[in-house]
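J.: The structure is given below, and queries will be raised subsequently.
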Amino acid sequence: MTVLSTSVTPEQGTLRLSVLGQESIIIGQHITRFIVKDIITSLKSSTYAIITDENIAKLYLPSLMTAFKEELHISSKNARLISIVIPPGESSKSRDVKANLEDSLLKQNCTRDTVIIAFGGGVIGDLVGK
């Protein structure tokens, strides 16, 4: 059984790592556009929701939003793009913050086909990915 294998793809010099038979990890430099295109191509949706924290948002959210908007335009998708920013740190890993996230998604008319992107590490992955 192969638990981990790699393959190099021609797209921007990315490296895909296969874990348990699925190429689920992508490594490379300047791969934002590649990842955005991969998400839009493989996960069809009427809405893409990016959830991140204030620290990550200050550094990376504007360029990620721009890449998404450009790729949606190129692909002629009529999907919406929204973002939700929460306070950083362990204190955000709470029922109240989770409820606020869910309320925000509902207020923005997100539906069952909404793709939710957890953009960040630890707390964001724990809060959004579960």
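The way I read the labels, and the way they are meant: chains A, B, ... in the order of the structure tokens, residue 1 as the first residue of every chain, and ligand 1 as the first ligand shown, with later ones counted on from there.
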Which polymer residues have any atom within 7 Å of an atom of Ile86 of chain A, counting only C-alpha atoms, with same-chain residues fewer than 5 positions away left out, as a PyMOL selection string?
T.: chain A and resi 52-54
J.: Excluding same-chain residues fewer than 5 positions from Lys77 of chain A, what lies within 12 Å of it counting only C-alpha atoms, as a list of chain:residue names?
T.: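 These residues fall inside the cut-off: A:Lys37, A:Ile40, A:Thr41, A:Leu43, A:Lys44, A:Ser45, A:Ser46, A:Thr47, A:Tyr48, A:Phe68, A:Lys69, A:Glu70, A:Glu71, A:Leu72.
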J.: Could you pull out the residues in chain A that DSSP calls strand (DSSP E) from the backbone, as a VMD selection string?
T.: chain A and resid 4 to 8 15 to 19 22 to 27 47 to 53 80 to 86 115 to 118
J.: For the selection just defined, write its residues with C-alpha atoms to a file, as a compact mmCIF listing (two decimals), in the first residue's frame.
T.:
# COMPACT_ATOMS: atom_id res chain seq x y z
CA LEU A 4 2.54 8.88 0.11
CA SER A 5 3.68 9.44 -3.46
CA THR A 6 4.48 12.51 -5.53
CA SER A 7 4.01 13.71 -9.07
CA VAL A 8 5.24 16.90 -10.69
CA LEU A 15 4.18 19.28 -6.95
CA ARG A 16 1.20 17.13 -6.01
CA LEU A 17 1.52 14.79 -3.08
CA SER A 18 -0.66 11.74 -3.05
CA VAL A 19 -1.85 10.64 0.38
CA GLN A 22 -5.56 10.91 -3.59
CA GLU A 23 -3.51 13.87 -4.79
CA SER A 24 -4.63 16.06 -1.94
CA ILE A 25 -1.60 18.24 -1.23
CA ILE A 26 -0.19 20.76 -3.70
CA ILE A 27 3.22 22.34 -3.15
CA THR A 47 -21.09 30.65 -4.23
CA TYR A 48 -17.53 30.38 -2.97
CA ALA A 49 -17.04 31.50 0.65
CA ILE A 50 -13.56 32.15 1.98
CA ILE A 51 -13.29 32.10 5.77
CA THR A 52 -10.10 33.38 7.36
CA ASP A 53 -8.84 35.34 10.33
CA ARG A 80 -20.62 34.73 -6.16
CA LEU A 81 -17.54 35.20 -4.03
CA ILE A 82 -17.79 36.17 -0.39
CA SER A 83 -15.38 36.34 2.50
CA ILE A 84 -15.84 36.19 6.24
CA VAL A 85 -13.08 37.33 8.57
CA ILE A 86 -12.95 36.32 12.22
CA VAL A 115 -18.03 25.81 -1.39
CA ILE A 116 -16.50 26.91 1.90
CA ILE A 117 -12.76 27.51 1.85
CA ALA A 118 -10.92 27.50 5.19
J.: Among chain A, which residues carry a DSSP assignment of helix (DSSP H, G or I), reported as a VMD selection string?
T.: chain A and resid 11 to 13 32 to 42 54 to 74 90 to 92 95 to 107 122 to 128
J.: What is the atom CA of Gly13 of chain A to atom CA of Ser76 of chain A distance in Å?
T.: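 Result for atom CA of Gly13 of chain A versus atom CA of Ser76 of chain A: 25.7 Å, one decimal.
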J.: Just the residues within 12 Å of Glu102 of chain A, please, counting only C-alpha atoms, with nothing from its chain fewer than 5 positions along; format it as an mmCIF file with N, CA and C atoms, in the first residue's frame.
T.:
data_model
loop_
_atom_site.group_PDB
_atom_site.id
_atom_site.type_symbol
_atom_site.label_atom_id
_atom_site.label_comp_id
_atom_site.auth_asym_id
_atom_site.auth_seq_id
_atom_site.Cartn_x
_atom_site.Cartn_y
_atom_site.Cartn_z
ATOM 1 N N ALA A 49 -17.189 30.724 -0.579
ATOM 2 C CA ALA A 49 -17.041 31.496 0.648
ATOM 3 C C ALA A 49 -15.669 31.223 1.253
ATOM 4 N N ILE A 51 -13.270 31.746 4.347
ATOM 5 C CA ILE A 51 -13.292 32.099 5.766
ATOM 6 C C ILE A 51 -11.852 32.106 6.268
ATOM 7 N N ILE A 84 -15.483 35.938 4.852
ATOM 8 C CA ILE A 84 -15.841 36.191 6.241
ATOM 9 C C ILE A 84 -14.535 36.165 7.028
ATOM 10 N N ARG A 95 -18.330 28.117 20.252
ATOM 11 C CA ARG A 95 -19.683 27.943 19.699
ATOM 12 C C ARG A 95 -20.238 29.268 19.194
ATOM 13 N N ASP A 96 -19.931 30.359 19.911
ATOM 14 C CA ASP A 96 -20.438 31.670 19.495
ATOM 15 C C ASP A 96 -19.890 32.076 18.133
ATOM 16 N N VAL A 97 -18.597 31.906 17.933
ATOM 17 C CA VAL A 97 -17.999 32.270 16.640
ATOM 18 C C VAL A 97 -18.539 31.357 15.542
ATOM 19 N N LYS A 107 -27.283 34.623 6.087
ATOM 20 C CA LYS A 107 -27.679 35.985 5.699
ATOM 21 C C LYS A 107 -27.247 36.312 4.277
ATOM 22 N N GLN A 108 -26.160 35.680 3.842
ATOM 23 C CA GLN A 108 -25.661 35.924 2.487
ATOM 24 C C GLN A 108 -26.221 34.911 1.485
ATOM 25 N N ASN A 109 -27.288 34.239 1.882
ATOM 26 C CA ASN A 109 -28.015 33.300 1.022
ATOM 27 C C ASN A 109 -27.161 32.165 0.484
ATOM 28 N N CYS A 110 -26.273 31.659 1.313
ATOM 29 C CA CYS A 110 -25.491 30.497 0.914
ATOM 30 C C CYS A 110 -26.401 29.274 0.951
ATOM 31 N N THR A 111 -26.175 28.378 0.024
ATOM 32 C CA THR A 111 -27.007 27.185 -0.092
ATOM 33 C C THR A 111 -26.149 25.939 0.034
ATOM 34 N N ILE A 116 -17.087 26.144 0.808
ATOM 35 C CA ILE A 116 -16.497 26.906 1.902
ATOM 36 C C ILE A 116 -15.000 26.596 1.949
ATOM 37 N N LEU A 127 -12.182 25.221 13.135
ATOM 38 C CA LEU A 127 -13.507 25.821 13.197
ATOM 39 C C LEU A 127 -14.313 25.588 11.933
ATOM 40 N N VAL A 128 -13.701 25.766 10.796
ATOM 41 C CA VAL A 128 -14.414 25.703 9.521
ATOM 42 C C VAL A 128 -14.438 24.282 8.959
#
J.: Would you please work out which residue, of A:Thr14, A:Val36, A:Leu20, A:Gly121, is nearest to Glu90 of chain A when using only C-alpha atoms?
T.: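 Checking each of A:Thr14, A:Val36, A:Leu20, A:Gly121 against Glu90 of chain A, counting only C-alpha atoms, the winner is A:Gly121.
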